[in-house]
$ cat final_7.cif   # mmCIF, C-alpha atoms
data_start
loop_
_atom_site.label_atom_id
_atom_site.label_comp_id
_atom_site.auth_asym_id
_atom_site.auth_seq_id
_atom_site.Cartn_x
_atom_site.Cartn_y
_atom_site.Cartn_z
CA MET A 1 -26.83 -25.23 43.14
CA ALA A 2 -28.38 -24.11 46.43
CA ASP A 3 -29.17 -20.79 44.79
CA LYS A 4 -30.96 -22.57 42.05
CA ALA A 5 -33.31 -24.24 44.48
CA GLU A 6 -34.01 -21.02 46.39
CA GLU A 7 -34.71 -18.89 43.32
CA GLY A 8 -36.84 -21.56 41.79
CA GLY A 9 -36.93 -19.94 38.35
CA LEU A 10 -33.22 -20.26 37.69
CA VAL A 11 -32.69 -22.93 35.05
CA PHE A 12 -29.69 -23.53 32.82
CA HIS A 13 -30.17 -24.68 29.28
CA PRO A 14 -26.82 -23.65 27.80
CA MET A 15 -27.03 -26.27 25.06
CA ASP A 16 -30.58 -25.53 23.92
CA GLN A 17 -29.33 -22.87 21.54
CA PHE A 18 -27.71 -25.60 19.46
CA ILE A 19 -30.89 -27.62 18.89
CA ILE A 20 -31.77 -28.12 15.24
CA GLN A 21 -35.37 -27.05 14.71
CA PRO A 22 -37.49 -27.21 11.59
CA ILE A 23 -38.61 -23.74 10.57
CA PHE A 24 -42.04 -24.82 9.33
CA GLY A 25 -42.65 -27.54 11.92
CA GLY A 26 -42.74 -31.26 11.34
CA ASP A 27 -39.90 -33.71 11.72
CA VAL A 28 -36.29 -33.09 10.80
CA THR A 29 -35.66 -35.15 7.68
CA TRP A 30 -32.64 -34.78 5.44
CA TYR A 31 -34.19 -31.99 3.35
CA THR A 32 -36.27 -30.12 5.97
CA PRO A 33 -35.48 -26.39 6.05
CA THR A 34 -34.13 -25.92 9.57
CA ASN A 35 -32.60 -23.08 11.56
CA ALA A 36 -29.21 -24.48 10.48
CA ALA A 37 -30.24 -24.18 6.83
CA LEU A 38 -31.56 -20.65 7.46
CA TRP A 39 -28.31 -19.39 8.99
CA MET A 40 -26.18 -21.10 6.36
CA GLY A 41 -28.33 -19.30 3.78
CA LEU A 42 -27.84 -16.02 5.64
CA SER A 43 -24.08 -16.55 5.51
CA ILE A 44 -24.41 -16.90 1.73
CA VAL A 45 -26.34 -13.60 1.72
CA ALA A 46 -23.62 -11.98 3.85
CA ILE A 47 -20.91 -13.21 1.47
CA ILE A 48 -22.84 -11.91 -1.54
CA LEU A 49 -23.35 -8.54 0.15
CA LEU A 50 -19.68 -8.24 1.05
CA LEU A 51 -17.86 -9.68 -1.96
CA VAL A 52 -20.31 -9.21 -4.84
CA VAL A 53 -22.40 -6.14 -3.97
CA GLY A 54 -19.50 -4.55 -2.11
CA SER A 55 -17.20 -4.74 -5.11
CA SER A 56 -19.88 -3.94 -7.73
CA LYS A 57 -18.65 -0.36 -8.23
CA ARG A 58 -15.17 -1.60 -9.22
CA GLY A 59 -13.68 1.61 -7.89
CA ILE A 60 -10.01 2.38 -8.35
CA VAL A 61 -10.38 4.13 -5.02
CA PRO A 62 -12.39 1.57 -3.06
CA SER A 63 -15.50 2.28 -1.03
CA ARG A 64 -15.65 1.00 2.53
CA SER A 65 -17.31 -2.31 1.69
CA GLN A 66 -15.05 -2.78 -1.32
CA SER A 67 -11.93 -2.30 0.75
CA VAL A 68 -13.18 -4.91 3.23
CA ALA A 69 -13.80 -7.28 0.32
CA GLU A 70 -10.32 -6.58 -1.04
CA LEU A 71 -8.88 -7.04 2.44
CA ALA A 72 -10.54 -10.49 2.76
CA TYR A 73 -9.34 -11.42 -0.73
CA GLY A 74 -5.79 -10.26 -0.10
CA PHE A 75 -5.70 -11.90 3.32
CA VAL A 76 -6.59 -15.38 2.05
CA TYR A 77 -4.72 -14.99 -1.24
CA LYS A 78 -1.49 -14.06 0.52
CA MET A 79 -1.95 -16.88 3.01
CA VAL A 80 -2.34 -19.45 0.22
CA GLU A 81 0.56 -18.00 -1.75
CA ASP A 82 2.90 -17.79 1.25
CA ILE A 83 2.21 -21.28 2.56
CA CYS A 84 1.39 -23.37 -0.52
CA GLY A 85 3.43 -21.46 -3.05
CA LYS A 86 2.39 -20.39 -6.54
CA ASP A 87 1.09 -23.84 -7.51
CA GLY A 88 -1.31 -23.75 -4.56
CA LEU A 89 -3.13 -20.76 -6.00
CA LYS A 90 -5.49 -22.91 -8.05
CA PHE A 91 -7.00 -24.01 -4.73
CA PHE A 92 -7.52 -20.39 -3.73
CA PRO A 93 -11.29 -20.28 -4.54
CA TYR A 94 -11.77 -23.48 -2.53
CA ILE A 95 -9.88 -22.14 0.50
CA MET A 96 -11.58 -18.76 0.16
CA THR A 97 -14.95 -20.59 0.23
CA LEU A 98 -14.03 -22.33 3.47
CA PHE A 99 -12.74 -19.14 5.07
CA MET A 100 -15.67 -16.96 4.05
CA PHE A 101 -18.24 -19.56 5.10
CA ILE A 102 -16.68 -20.11 8.53
CA VAL A 103 -16.05 -16.45 9.25
CA CYS A 104 -19.56 -15.39 8.17
CA ALA A 105 -21.26 -18.24 10.02
CA ASN A 106 -19.23 -17.46 13.16
CA PHE A 107 -20.00 -13.74 13.12
CA LEU A 108 -23.69 -14.23 12.25
CA GLY A 109 -23.85 -16.70 15.12
CA LEU A 110 -22.85 -13.91 17.49
CA ILE A 111 -26.16 -12.14 16.88
CA PRO A 112 -28.31 -12.83 19.94
CA THR A 113 -30.94 -15.60 19.44
CA SER A 114 -29.24 -16.62 16.20
CA PHE A 115 -27.96 -20.08 15.35
CA THR A 116 -24.36 -20.98 14.64
CA PRO A 117 -23.90 -23.74 12.02
CA THR A 118 -20.18 -23.98 12.81
CA SER A 119 -20.94 -25.03 16.39
CA HIS A 120 -22.08 -28.41 15.05
CA PHE A 121 -19.73 -31.29 14.50
CA ALA A 122 -21.83 -32.35 11.53
CA VAL A 123 -20.72 -29.18 9.76
CA THR A 124 -17.09 -29.02 10.85
CA VAL A 125 -16.52 -32.74 10.32
CA VAL A 126 -17.72 -32.42 6.74
CA LEU A 127 -15.49 -29.39 6.21
CA ALA A 128 -12.48 -31.14 7.74
CA LEU A 129 -13.11 -34.39 5.88
CA ALA A 130 -13.43 -32.46 2.63
CA VAL A 131 -10.03 -30.91 3.29
CA PHE A 132 -8.58 -34.26 4.31
CA LEU A 133 -9.86 -36.02 1.20
CA THR A 134 -8.78 -33.16 -1.07
CA VAL A 135 -5.30 -33.16 0.41
CA THR A 136 -4.95 -36.94 0.16
CA VAL A 137 -6.25 -37.13 -3.41
CA VAL A 138 -4.15 -34.15 -4.54
CA GLY A 139 -1.11 -35.63 -2.83
CA PHE A 140 -1.39 -38.95 -4.63
CA VAL A 141 -2.37 -37.44 -7.98
CA LYS A 142 0.50 -34.94 -7.91
CA ASN A 143 3.25 -37.14 -6.48
CA GLY A 144 2.01 -40.73 -6.93
CA ALA A 145 3.63 -43.03 -4.42
CA GLY A 146 6.09 -40.24 -3.67
CA PHE A 147 3.39 -38.76 -1.46
CA LEU A 148 4.21 -41.52 1.06
CA SER A 149 7.60 -39.87 1.61
CA LEU A 150 5.61 -37.47 3.80
CA PHE A 151 5.65 -40.26 6.41
CA TRP A 152 9.26 -41.29 5.86
CA VAL A 153 11.31 -38.65 7.66
CA SER A 154 14.51 -38.79 5.65
CA SER A 155 16.30 -36.31 7.89
CA ALA A 156 15.98 -38.60 10.95
CA PRO A 157 18.46 -41.42 11.74
CA LEU A 158 17.55 -44.62 9.93
CA PRO A 159 16.56 -46.73 12.98
CA LEU A 160 14.14 -44.02 14.09
CA ARG A 161 12.40 -43.72 10.75
CA PRO A 162 9.91 -46.63 11.07
CA VAL A 163 8.84 -45.36 14.48
CA LEU A 164 8.46 -41.84 13.14
CA ALA A 165 6.55 -43.19 10.16
CA ILE A 166 3.95 -44.73 12.48
CA ILE A 167 3.69 -41.49 14.45
CA GLU A 168 3.40 -39.46 11.27
CA LEU A 169 0.74 -41.80 9.92
CA ILE A 170 -1.32 -41.53 13.11
CA SER A 171 -0.97 -37.76 13.18
CA TYR A 172 -2.03 -37.62 9.54
CA PHE A 173 -5.26 -39.46 10.25
CA VAL A 174 -5.92 -37.49 13.43
CA ARG A 175 -5.79 -34.26 11.42
CA PRO A 176 -9.47 -34.17 10.38
CA VAL A 177 -10.53 -34.93 13.96
CA SER A 178 -8.55 -32.10 15.54
CA HIS A 179 -9.32 -29.86 12.59
CA SER A 180 -13.09 -30.23 13.04
CA ILE A 181 -13.34 -30.44 16.83
CA ARG A 182 -11.16 -27.35 17.33
CA LEU A 183 -13.56 -25.15 15.40
CA ALA A 184 -16.87 -26.55 16.68
CA GLY A 185 -15.54 -26.92 20.23
CA ASN A 186 -14.37 -23.33 20.46
CA VAL A 187 -17.55 -21.87 19.03
CA MET A 188 -19.81 -24.14 21.09
CA ALA A 189 -17.94 -23.53 24.36
CA GLY A 190 -18.05 -19.77 23.99
CA HIS A 191 -21.74 -19.71 23.21
CA ALA A 192 -22.52 -22.09 26.07
CA VAL A 193 -20.53 -19.99 28.57
CA ILE A 194 -22.38 -16.86 27.50
CA LYS A 195 -25.63 -18.74 28.05
CA VAL A 196 -24.53 -19.84 31.53
CA PHE A 197 -23.70 -16.22 32.42
CA ALA A 198 -27.11 -15.22 31.05
CA GLY A 199 -28.71 -17.78 33.37
CA PHE A 200 -26.93 -16.23 36.37
CA ALA A 201 -28.13 -12.77 35.33
CA ALA A 202 -31.58 -13.73 36.69
CA LEU A 203 -30.13 -13.50 40.21
CA THR A 204 -30.33 -9.90 41.38
CA LEU A 205 -27.25 -10.25 43.53
CA VAL A 206 -24.83 -11.47 40.88
CA SER A 207 -26.48 -10.00 37.82
CA PRO A 208 -23.96 -7.11 37.43
CA VAL A 209 -21.14 -9.62 37.50
CA ALA A 210 -23.01 -11.90 35.14
CA ILE A 211 -23.70 -9.11 32.67
CA LEU A 212 -20.07 -8.04 32.87
CA GLY A 213 -19.14 -11.67 32.22
CA ILE A 214 -21.45 -11.82 29.19
CA THR A 215 -19.85 -8.66 27.81
CA ALA A 216 -16.33 -9.95 28.34
CA MET A 217 -17.16 -13.35 26.84
CA TYR A 218 -18.84 -11.69 23.89
CA GLY A 219 -15.69 -9.69 23.20
CA LEU A 220 -13.65 -12.86 23.46
CA GLU A 221 -16.07 -14.66 21.15
CA VAL A 222 -15.71 -11.94 18.51
CA LEU A 223 -11.99 -12.61 18.62
CA VAL A 224 -12.47 -16.41 18.63
CA SER A 225 -14.86 -16.22 15.67
CA PHE A 226 -12.18 -14.72 13.49
CA ILE A 227 -9.24 -16.61 14.92
CA GLN A 228 -10.90 -20.00 14.53
CA ALA A 229 -11.77 -19.23 10.92
CA TYR A 230 -8.17 -18.14 10.41
CA VAL A 231 -6.78 -21.24 12.13
CA PHE A 232 -9.02 -23.55 10.10
CA THR A 233 -7.94 -21.86 6.87
CA ILE A 234 -4.25 -21.75 7.66
CA LEU A 235 -4.26 -25.43 8.66
CA THR A 236 -5.96 -26.21 5.36
CA CYS A 237 -3.13 -24.37 3.62
CA VAL A 238 -0.51 -26.26 5.62
CA TYR A 239 -2.09 -29.62 4.80
CA LEU A 240 -2.33 -28.63 1.17
CA LYS A 241 1.35 -27.71 1.18
CA ASP A 242 2.12 -31.24 2.40
CA ALA A 243 0.18 -32.60 -0.55
CA LEU A 244 1.92 -30.34 -3.07
CA HIS A 245 5.44 -30.62 -1.63
CA PRO A 246 5.53 -33.76 0.55
CA HIS A 247 9.31 -33.74 1.01
CA HIS A 248 10.42 -32.41 4.32
CA MET B 1 -34.52 -15.75 24.91
CA ALA B 2 -36.39 -17.31 22.05
CA THR B 3 -34.94 -20.72 22.65
CA ASP B 4 -36.22 -20.74 26.22
CA THR B 5 -39.77 -21.31 25.02
CA HIS B 6 -38.63 -24.52 23.40
CA GLY B 7 -36.58 -25.41 26.44
CA ALA B 8 -38.94 -28.00 27.88
CA ASP B 9 -39.66 -30.09 24.84
CA ALA B 10 -36.19 -29.63 23.41
CA ALA B 11 -34.66 -30.92 26.59
CA ALA B 12 -36.97 -33.89 26.33
CA GLN B 13 -36.09 -34.79 22.77
CA ALA B 14 -32.34 -34.08 22.91
CA PRO B 15 -30.75 -34.69 26.25
CA GLY B 16 -27.09 -33.74 26.35
CA MET B 17 -25.41 -32.18 23.38
CA PRO B 18 -27.55 -31.50 20.32
CA GLN B 19 -24.30 -31.81 18.38
CA LEU B 20 -24.30 -35.54 19.06
CA ASP B 21 -27.89 -36.06 17.96
CA PHE B 22 -26.99 -37.91 14.81
CA SER B 23 -30.56 -37.84 13.48
CA THR B 24 -29.95 -34.23 12.40
CA TRP B 25 -26.60 -34.84 10.71
CA GLY B 26 -28.04 -35.81 7.37
CA ASN B 27 -30.06 -32.62 7.27
CA GLN B 28 -27.13 -30.40 8.22
CA ILE B 29 -24.75 -32.07 5.79
CA PHE B 30 -27.31 -31.72 3.00
CA TRP B 31 -27.71 -27.99 3.58
CA LEU B 32 -23.99 -27.50 4.20
CA VAL B 33 -23.07 -29.07 0.87
CA ILE B 34 -25.62 -26.86 -0.91
CA THR B 35 -24.27 -23.80 0.91
CA LEU B 36 -20.66 -24.60 0.08
CA VAL B 37 -21.43 -25.28 -3.58
CA VAL B 38 -23.37 -22.01 -3.85
CA ILE B 39 -20.58 -20.04 -2.15
CA TYR B 40 -17.96 -21.72 -4.34
CA MET B 41 -19.92 -20.85 -7.47
CA ILE B 42 -20.43 -17.23 -6.41
CA LEU B 43 -16.78 -16.82 -5.48
CA SER B 44 -15.18 -18.54 -8.46
CA LYS B 45 -17.56 -17.15 -11.10
CA VAL B 46 -18.23 -13.60 -9.87
CA ALA B 47 -16.54 -12.30 -6.77
CA LEU B 48 -12.93 -13.46 -7.05
CA PRO B 49 -12.37 -12.65 -10.77
CA ARG B 50 -13.93 -9.24 -10.21
CA ILE B 51 -11.80 -8.39 -7.18
CA ALA B 52 -8.69 -9.73 -8.96
CA ALA B 53 -9.53 -7.47 -11.93
CA ILE B 54 -10.01 -4.47 -9.63
CA LEU B 55 -6.67 -5.09 -7.93
CA ALA B 56 -4.89 -5.60 -11.26
CA GLU B 57 -6.46 -2.45 -12.66
CA ARG B 58 -5.38 -0.46 -9.60
CA GLN B 59 -1.86 -1.84 -9.89
CA GLY B 60 -1.84 -0.84 -13.56
CA THR B 61 -3.11 2.64 -12.78
CA ILE B 62 -0.49 3.13 -10.10
CA THR B 63 2.27 1.93 -12.43
CA ASN B 64 1.05 4.26 -15.19
CA ASP B 65 0.84 7.18 -12.80
CA ILE B 66 4.37 6.57 -11.59
CA ALA B 67 5.58 6.41 -15.20
CA ALA B 68 3.73 9.65 -15.99
CA ALA B 69 5.27 11.27 -12.94
CA GLU B 70 8.74 10.20 -14.13
CA ASP B 71 7.91 11.70 -17.50
CA PHE B 72 6.87 14.99 -15.97
CA LYS B 73 9.97 15.03 -13.85
CA ALA B 74 12.16 14.56 -16.93
CA LYS B 75 10.26 17.33 -18.67
CA ALA B 76 10.74 19.64 -15.72
CA GLN B 77 14.47 18.90 -15.71
CA GLU B 78 14.60 19.61 -19.43
CA ALA B 79 12.81 22.91 -18.91
CA GLU B 80 15.21 23.79 -16.13
CA ALA B 81 18.17 23.03 -18.38
CA ALA B 82 16.68 25.17 -21.14
CA TYR B 83 16.13 27.99 -18.67
CA ASP B 84 19.72 27.75 -17.44
CA LYS B 85 20.98 27.76 -21.00
CA ALA B 86 18.90 30.82 -21.84
CA LEU B 87 20.26 32.54 -18.77
CA VAL B 88 23.85 31.75 -19.74
CA ASP B 89 23.20 32.92 -23.32
CA ALA B 90 21.66 36.16 -22.13
CA ARG B 91 24.60 36.79 -19.85
CA ALA B 92 27.06 36.17 -22.69
CA GLU B 93 25.06 38.49 -24.95
CA ALA B 94 25.10 41.17 -22.29
CA HIS B 95 28.89 40.81 -21.97
CA ARG B 96 29.26 41.08 -25.70
CA ILE B 97 27.13 44.24 -25.86
CA VAL B 98 29.10 45.82 -23.02
CA ALA B 99 32.39 45.00 -24.73
CA GLU B 100 31.15 46.42 -28.02
CA ALA B 101 29.98 49.62 -26.37
CA LYS B 102 33.33 49.93 -24.62
CA ALA B 103 35.16 49.50 -27.93
CA ASP B 104 32.96 52.12 -29.58
CA ILE B 105 33.56 54.57 -26.81
CA GLN B 106 37.30 53.86 -26.95
CA SER B 107 37.48 54.49 -30.66
CA ASP B 108 35.44 57.71 -30.30
CA LEU B 109 37.72 58.75 -27.53
CA ASP B 110 40.82 58.01 -29.61
CA THR B 111 39.49 60.05 -32.52
CA ALA B 112 38.65 62.93 -30.24
CA ILE B 113 42.11 62.80 -28.61
CA ALA B 114 43.83 62.67 -32.00
CA LYS B 115 41.79 65.64 -33.20
CA ALA B 116 42.54 67.55 -30.03
CA ASP B 117 46.27 66.78 -30.40
CA GLU B 118 46.18 68.03 -33.97
CA GLU B 119 44.47 71.25 -32.94
CA ILE B 120 46.92 71.72 -30.12
CA ALA B 121 49.82 71.17 -32.53
CA ALA B 122 48.35 73.71 -34.98
CA LYS B 123 47.82 76.21 -32.20
CA ALA B 124 51.41 75.67 -30.96
CA ALA B 125 52.84 76.20 -34.47
CA GLU B 126 50.83 79.36 -34.87
CA SER B 127 52.02 80.63 -31.51
CA GLU B 128 55.60 79.84 -32.42
CA LYS B 129 55.26 81.78 -35.64
CA ALA B 130 53.81 84.69 -33.73
CA ILE B 131 56.65 84.54 -31.23
CA ALA B 132 59.19 84.42 -34.07
CA GLU B 133 57.57 87.47 -35.66
CA ILE B 134 57.56 89.26 -32.39
CA ARG B 135 61.23 88.35 -31.90
CA ALA B 136 62.12 89.54 -35.40
CA GLY B 137 60.20 92.74 -34.76
CA ALA B 138 62.10 93.27 -31.55
CA THR B 139 65.51 92.82 -33.24
CA GLU B 140 64.54 95.33 -35.92
CA ALA B 141 63.32 97.74 -33.29
CA VAL B 142 66.57 97.35 -31.36
CA GLN B 143 68.56 98.04 -34.61
CA GLN B 144 66.43 101.06 -35.33
CA VAL B 145 66.88 102.35 -31.80
CA ALA B 146 70.64 101.71 -31.97
CA GLN B 147 70.98 103.56 -35.33
CA ASP B 148 68.93 106.47 -34.06
CA THR B 149 70.81 106.55 -30.82
CA ALA B 150 74.19 106.34 -32.64
CA ARG B 151 73.19 109.20 -35.01
CA GLU B 152 72.10 111.36 -32.16
CA ILE B 153 75.28 110.60 -30.26
CA VAL B 154 77.41 111.42 -33.32
CA ALA B 155 75.46 114.67 -33.83
CA ALA B 156 75.79 115.60 -30.22
CA LEU B 157 79.53 115.07 -30.39
CA GLY B 158 79.64 117.57 -33.23
CA GLY B 159 80.47 115.26 -35.94
CA LYS B 160 78.53 115.03 -39.06
CA ALA B 161 78.04 111.63 -40.06
CA GLU B 162 76.50 110.13 -43.10
CA ALA B 163 73.30 108.27 -42.26
CA ASP B 164 74.32 105.31 -44.43
CA VAL B 165 77.68 104.93 -42.75
CA ILE B 166 76.16 104.91 -39.25
CA THR B 167 73.56 102.42 -40.19
CA ALA B 168 76.13 100.10 -41.68
CA ALA B 169 78.40 100.44 -38.66
CA VAL B 170 75.60 99.67 -36.22
CA ASP B 171 74.50 96.71 -38.28
CA THR B 172 78.03 95.33 -38.31
CA ARG B 173 78.31 95.76 -34.55
CA LEU B 174 74.93 94.14 -33.88
CA LYS B 175 75.79 91.20 -36.05
CA GLY B 176 79.23 90.92 -34.55
#
$ encode --input "final_7.cif" --output "structure tokens"
Amino acid sequence: MADKAEEGGLVFHPMDQFIIQPIFGGDVTWYTPTNAALWMGLSIVAIILLLVVGSSKRGIVPSRSQSVAELAYGFVYKMVEDICGKDGLKFFPYIMTLFMFIVCANFLGLIPTSFTPTSHFAVTVVLALAVFLTVTVVGFVKNGAGFLSLFWVSSAPLPLRPVLAIIELISYFVRPVSHSIRLAGNVMAGHAVIKVFAGFAALTLVSPVAILGITAMYGLEVLVSFIQAYVFTILTCVYLKDALHPHH
Amino acid sequence: MATDTHGADAAAQAPGMPQLDFSTWGNQIFWLVITLVVIYMILSKVALPRIAAILAERQGTITNDIAAAEDFKAKAQEAEAAYDKALVDARAEAHRIVAEAKADIQSDLDTAIAKADEEIAAKAAESEKAIAEIRAGATEAVQQVAQDTAREIVAALGGKAEADVITAAVDTRLKG
């Protein structure tokens, strides 16, 4: 903090990168095209380029982009099949949508001066609530009242079961909270830390360390971008499995 | 950084975390829902069926190729068996030809030996006849010599002997 005063120009605005700004000026109303809308649109473009344009040659021997598209397909498909079973495969397009959106938004957000939609709770909360509602509705539609057996741990001793039921119920409703905050929190924290290092880079003395720190954090963020998308998707699969097969 | 230019006024309008500025939530949720619907449509209508078809087609091609390879392998084994059989046949044929040639030679040989034996036998008989003639000749000559000698001896002793008598006497003696 003493350094800050001496240098004068050193200011930290690590959170400014997350500000929603209208692209064409004016106020932010519910339909204004903003930087968030722009980068969500770019993630759509990225998905089209990878999965639609990449696979357009339909090669028996895949091209580079086609093998990446097949890799993404196989990755999510196998995840859904392994965790949810065969009857979970009808949710595969839905889960693939979530995974592709998060992974593309995360990676596009790593481009310097870009904007990361998944760093906003507004986005991740909607994603998590969508999963939560889907799982709950599917659970009740598929199993009826039998879905409530998810909270009644039949393998535990009888006196413990009511207590466990309360715990299970709480954990069930905490799911969307942890599900959404984990993703946005990780992405936001990484981007903010990079910004803090960038602020320190203005100091001649520590700038090598700061630049090294930015590089290291960037590498970590590349990893986090994929892992958080993976974690979000796999948790979706796990929750969906609870809805399809609620019995422990 | 581009955002730095907005730093001053942004800091003024959104102190703390922009994430908790709920005035922008409606906007983000609106665009997010559009984005998700668009991605879902693209994936479920175009991308996923196409990639599934590509993967299925590849699986089919691989299965077919493996089946074709099995086919070729069976054919190769068949060809090998046919080759082996041909080899065995040829060997048997060769054996047969050798045996036949041997039999031919044997029979030729037998004929030649038989002919040679016959000739030898004929030659031997002829020789025997010649020997017998010679022997007979010799006996006659001895008789002649004995008669002549006896006549001379009789004449030298002063006797006069009839030629017939001497001959008969010598003959008797020789026979005796």
$ resolve_selection --input "final_7.cif" --expression "the PyMOL selection byres ((chain A) within 9 of (chain B))" --output "ChimeraX atom specification"
/A:13,15-20,28-34,36-37,40-41,43-44,47-48,51-53,55-56,58-61,66,69-70,73,93-94,96-98,100-101,112-113,117,119-123,126-127
$ write_last_selection --input "final_7.cif" --atoms "C-alpha atoms" --output "PDB file, in the frame of the given file"
ATOM      1  CA  HIS A  13     -30.170 -24.680  29.280  1.00  0.00           C
ATOM      2  CA  MET A  15     -27.030 -26.270  25.060  1.00  0.00           C
ATOM      3  CA  ASP A  16     -30.580 -25.530  23.920  1.00  0.00           C
ATOM      4  CA  GLN A  17     -29.330 -22.870  21.540  1.00  0.00           C
ATOM      5  CA  PHE A  18     -27.710 -25.600  19.460  1.00  0.00           C
ATOM      6  CA  ILE A  19     -30.890 -27.620  18.890  1.00  0.00           C
ATOM      7  CA  ILE A  20     -31.770 -28.120  15.240  1.00  0.00           C
ATOM      8  CA  VAL A  28     -36.290 -33.090  10.800  1.00  0.00           C
ATOM      9  CA  THR A  29     -35.660 -35.150   7.680  1.00  0.00           C
ATOM     10  CA  TRP A  30     -32.640 -34.780   5.440  1.00  0.00           C
ATOM     11  CA  TYR A  31     -34.190 -31.990   3.350  1.00  0.00           C
ATOM     12  CA  THR A  32     -36.270 -30.120   5.970  1.00  0.00           C
ATOM     13  CA  PRO A  33     -35.480 -26.390   6.050  1.00  0.00           C
ATOM     14  CA  THR A  34     -34.130 -25.920   9.570  1.00  0.00           C
ATOM     15  CA  ALA A  36     -29.210 -24.480  10.480  1.00  0.00           C
ATOM     16  CA  ALA A  37     -30.240 -24.180   6.830  1.00  0.00           C
ATOM     17  CA  MET A  40     -26.180 -21.100   6.360  1.00  0.00           C
ATOM     18  CA  GLY A  41     -28.330 -19.300   3.780  1.00  0.00           C
ATOM     19  CA  SER A  43     -24.080 -16.550   5.510  1.00  0.00           C
ATOM     20  CA  ILE A  44     -24.410 -16.900   1.730  1.00  0.00           C
ATOM     21  CA  ILE A  47     -20.910 -13.210   1.470  1.00  0.00           C
ATOM     22  CA  ILE A  48     -22.840 -11.910  -1.540  1.00  0.00           C
ATOM     23  CA  LEU A  51     -17.860  -9.680  -1.960  1.00  0.00           C
ATOM     24  CA  VAL A  52     -20.310  -9.210  -4.840  1.00  0.00           C
ATOM     25  CA  VAL A  53     -22.400  -6.140  -3.970  1.00  0.00           C
ATOM     26  CA  SER A  55     -17.200  -4.740  -5.110  1.00  0.00           C
ATOM     27  CA  SER A  56     -19.880  -3.940  -7.730  1.00  0.00           C
ATOM     28  CA  ARG A  58     -15.170  -1.600  -9.220  1.00  0.00           C
ATOM     29  CA  GLY A  59     -13.680   1.610  -7.890  1.00  0.00           C
ATOM     30  CA  ILE A  60     -10.010   2.380  -8.350  1.00  0.00           C
ATOM     31  CA  VAL A  61     -10.380   4.130  -5.020  1.00  0.00           C
ATOM     32  CA  GLN A  66     -15.050  -2.780  -1.320  1.00  0.00           C
ATOM     33  CA  ALA A  69     -13.800  -7.280   0.320  1.00  0.00           C
ATOM     34  CA  GLU A  70     -10.320  -6.580  -1.040  1.00  0.00           C
ATOM     35  CA  TYR A  73      -9.340 -11.420  -0.730  1.00  0.00           C
ATOM     36  CA  PRO A  93     -11.290 -20.280  -4.540  1.00  0.00           C
ATOM     37  CA  TYR A  94     -11.770 -23.480  -2.530  1.00  0.00           C
ATOM     38  CA  MET A  96     -11.580 -18.760   0.160  1.00  0.00           C
ATOM     39  CA  THR A  97     -14.950 -20.590   0.230  1.00  0.00           C
ATOM     40  CA  LEU A  98     -14.030 -22.330   3.470  1.00  0.00           C
ATOM     41  CA  MET A 100     -15.670 -16.960   4.050  1.00  0.00           C
ATOM     42  CA  PHE A 101     -18.240 -19.560   5.100  1.00  0.00           C
ATOM     43  CA  PRO A 112     -28.310 -12.830  19.940  1.00  0.00           C
ATOM     44  CA  THR A 113     -30.940 -15.600  19.440  1.00  0.00           C
ATOM     45  CA  PRO A 117     -23.900 -23.740  12.020  1.00  0.00           C
ATOM     46  CA  SER A 119     -20.940 -25.030  16.390  1.00  0.00           C
ATOM     47  CA  HIS A 120     -22.080 -28.410  15.050  1.00  0.00           C
ATOM     48  CA  PHE A 121     -19.730 -31.290  14.500  1.00  0.00           C
ATOM     49  CA  ALA A 122     -21.830 -32.350  11.530  1.00  0.00           C
ATOM     50  CA  VAL A 123     -20.720 -29.180   9.760  1.00  0.00           C
ATOM     51  CA  VAL A 126     -17.720 -32.420   6.740  1.00  0.00           C
ATOM     52  CA  LEU A 127     -15.490 -29.390   6.210  1.00  0.00           C
TER      53      LEU A 127
END
$ atom_distance --input "final_7.cif" --atom1 "atom CA of A:Pro14" --atom2 "atom CA of A:Ile194"
8.1 Å
$ residues_around --input "final_7.cif" --residues "A:Ile234" --least-positions-apart "5" --cutoff "12 Å" --atoms "only C-alpha atoms" --output "list in words"
Phe75, Val76, Tyr77, Lys78, Met79, Val80, Glu81, Asp82, Ile83, Cys84, Phe92, Ile95, Met96, Leu98, Phe99, Val131, His179, Ile227, Gln228, Ala229, Tyr239, Leu240 and Lys241 of chain A
$ atom_distance --input "final_7.cif" --atom1 "atom CA of A:Leu42" --atom2 "atom CA of A:Leu110"
13.0 Å
$ resolve_selection --input "final_7.cif" --expression "the PyMOL selection byres ((chain A and resi 182) around 12)" --output "ChimeraX atom specification"
/A:118-121,124-125,128,175-181,183-189,224-225,227-232,235
